[in-house]
Structure formats: structure tokens, C-alpha cells
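Novice: The structure that follows is given in the form of C-alpha cells.
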Amino acid sequence: MDLDAELAGALAPLADGADVSVAVLDTESGERAAYGDEAYDTASIVKVGILAALLLRAQDEGRKLNGAELAYAEAMIRRSDNTSATGLLRVIGGEEALDAAHGRLGLTATKAAHAWGLTQTTAADQVRLLEAVFGADSELSAGSRAYLAELMEGVEADQEWGVSAAGTDWALKNGWMPRTTTGLWDVNSIGRVASGGHTLLVAVLSRGHATKEAGVAVVESVAKAAAGVMGAVAASR
């Protein structure tokens, strides 16, 4: 079965005029599929990478996060606080340090920006980041991975949309941002979700939405479709 073609067929009716890309990995079978390989603005999903970079830095220095870093990290992931993200990007050494951390975690097509929401990434790279967070083969220690997962499992109630629509037992980070040049919205969601007895890592990136709400609806439909394709593959095995 050509999983990429199956995914493309499932997504064809869902984009609603926007640009959409998705990547999905079944962690049990190792099967993966992707639709689209263009780069998109991260908006706030980059905050997962920023925290991963901070945790790598602390590991390298043989220390735990200090009180200020913990407060910033919790606000940045749970509430998507922008001031905290800016502060932690400064702590880790700026966009060059973020690029270096992404490289250590296996990302190959992500370029950090000083205005961190304009960092460019692909859906496939975001799944690689999720593998570093939720998989055992990672530069991140078990403790660092558990901490990141805990925060992503506990985002505020009004941010529990996105890949969570595709199943249960989710952990996620969403990003949303209106572009001043067009007035249209970027809406993204990355995370882990249980679906059909399997654990999936899903990244949905999108742009060109008239409203945030329209983007959320598309992202959730795409996440569900991706989970459905992987479920059909698993059932056919």
C-alpha cells in the first residue's frame, strides 16, 4: 500500500482552500506517511523545540532547570506564553543554538528565526521532533522526555484542540498566528495520540485560513484523516 497516496486521497476534500501538510508515524509498526513537504511558519509549536533545546543545555551542563526556567517552561507549553518563549530562546543562546539543538534531535529541514514564530519547518521534521520527545532513541534523557510529555499532556483547556481530535491519551502543542501581510491565519498542531490501539505521532501544518476557527476545523479534520489512514493500514496487516 502506498501510504502517501492513501493519505493524499483522504486529505483532498479537507483543505478548504488553505495549504495543508501532515506527517504521521505509527510508533508500534514504524509505518509512516506524509502529505506535502513544503516549509511552513511554526507559530507556537516551536516552543517544544525551544524547551527541548533548554533541556539539552541543562543535560550538557549536568544540572536541573532552575526555578525561573521551570516557570518559563510551564507557562510556555501549558499556556503558550510568548514572553516565556522569548526569554528561554535568549537563555539557550538564540536561534543559532535552537538550530543546533534541532540538529541533535534529527531535524533536517527546520530553520530557526529570531522572531521565533517565523521559524520554518516541515511536517516530517516535526514528527522527528516528536520522536525525540516520545521515543527512547533520543538525545533527550528519560527525565527530560517525561517532563516535556507531562507539560504537553496538560495544556490549558482552551488549547486542547488539534491532533487531540484524532484519538485519546493525547499530548500536544498548538500554534496559531495571523499574518500581517495577508490577514490570513497559520494554524498548526503537533503531538501524540492513541488511535485504534496504536500510538501515533502526528504533525499538521497549515496556512491561509480566513479565521483561526476555520484553521482549527481543518487541522482537526486532517488529523482524523491521517489517523484513519494509519488505522486502515494496521487493520489490513
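Identifiers in the C-alpha cells: chain A, B, ... in order shown; residue index from 1 per chain; ligand index from 1 in order shown.
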Can you pull out the residues contacting A:Gly94? Cut-off 12 Å, using only C-alpha atoms, and skip same-chain residues under 2 positions away; I want them as a ChimeraX atom specification.
Specialist: /A:50,53-54,85-92,96-101,112-116
Novice: Taking the DSSP secondary structure from the backbone, can you list the residues of stretch 76-215 of chain A that are strand (DSSP E), as a PyMOL selection string?
Specialist: chain A and resi 120-121+168-178+185-195+198-209
Novice: Measuring atom to atom with only C-alpha atoms, identify which of A:Ile190, A:Pro13, A:Ser29, A:Ala136 is nearest to A:Ala225.
Specialist: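 Residue with the minimum atom-to-atom distance to A:Ala225: A:Pro13.
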Novice: Write out as a ChimeraX atom specification the set of residues from stretch 116-214 of chain A that DSSP, computed on the backbone, places in helix (DSSP H, G or I).
Specialist: /A:116-118,123-134,142-152,157-159,163-166,212-214
Novice: Given the choices A:Glu150, A:Asp169, A:Glu160, A:Glu38, which gets closest to A:Ala123 if the distance is worked out from only C-alpha atoms?
Specialist: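 The answer is A:Glu38, which sits nearest to A:Ala123.
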Novice: Name all residues at most 10 Å from A:Glu69 (count only C-alpha atoms; drop same-chain ones fewer than 3 positions away) and give them as a list of chain:residue names.
Specialist: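 Returned residues: A:Leu51, A:Leu54, A:Leu55, A:Lys64, A:Leu65, A:Asn66, A:Tyr72, A:Ala73, A:Glu74, A:Ala75, A:Ser84, A:Gly87, A:Leu88, A:Val91.
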Novice: When distances are computed from only C-alpha atoms, which of A:Gly135, A:Gly228, A:Gly215, A:Gly143 shows the smallest separation from A:Asp16?
Specialist: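 Of A:Gly135, A:Gly228, A:Gly215, A:Gly143, the one nearest A:Asp16 is A:Gly215, counting only C-alpha atoms.
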Novice: Which residue, A:Leu107, A:Ala23, A:Val155, A:Ala52, has the smallest gap to A:Phe134 when you use only C-alpha atoms?
Specialist: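 So, comparing all the options, the nearest one is A:Ala52.
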Novice: Taking 2 positions as the minimum chain separation for residues in the same chain, which residues sit within 12 Å of A:Val202 when counting only C-alpha atoms? Answer as number ranges by chain.
Specialist: A: 21-27, 32-35, 123-131, 134, 162-167, 170-174, 188-195, 199-200, 204-205, 219-220, 222-228, 230
Novice: Please measure the separation of atom CA of A:Glu139 and atom CA of A:Arg57, giving the value in Å to one decimal.
Specialist: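 Computing it gives 11.0 Å between the two atoms.
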Novice: Let me make sure I understand: among A:Gly154, A:Gln59, A:Asp41, A:Asp81, which one has the smallest atom-to-atom distance to A:Ala142 if we use only C-alpha atoms?
Specialist: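 Under the stated criterion, the closest residue is A:Gln59.
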Novice: Pick from A:Leu184, A:Ala15, A:Val48, A:Ala43: nearest to A:Ala149, with only C-alpha atoms counted?
Specialist: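 Between A:Leu184, A:Ala15, A:Val48, A:Ala43, the residue approaching A:Ala149 most closely is A:Val48.
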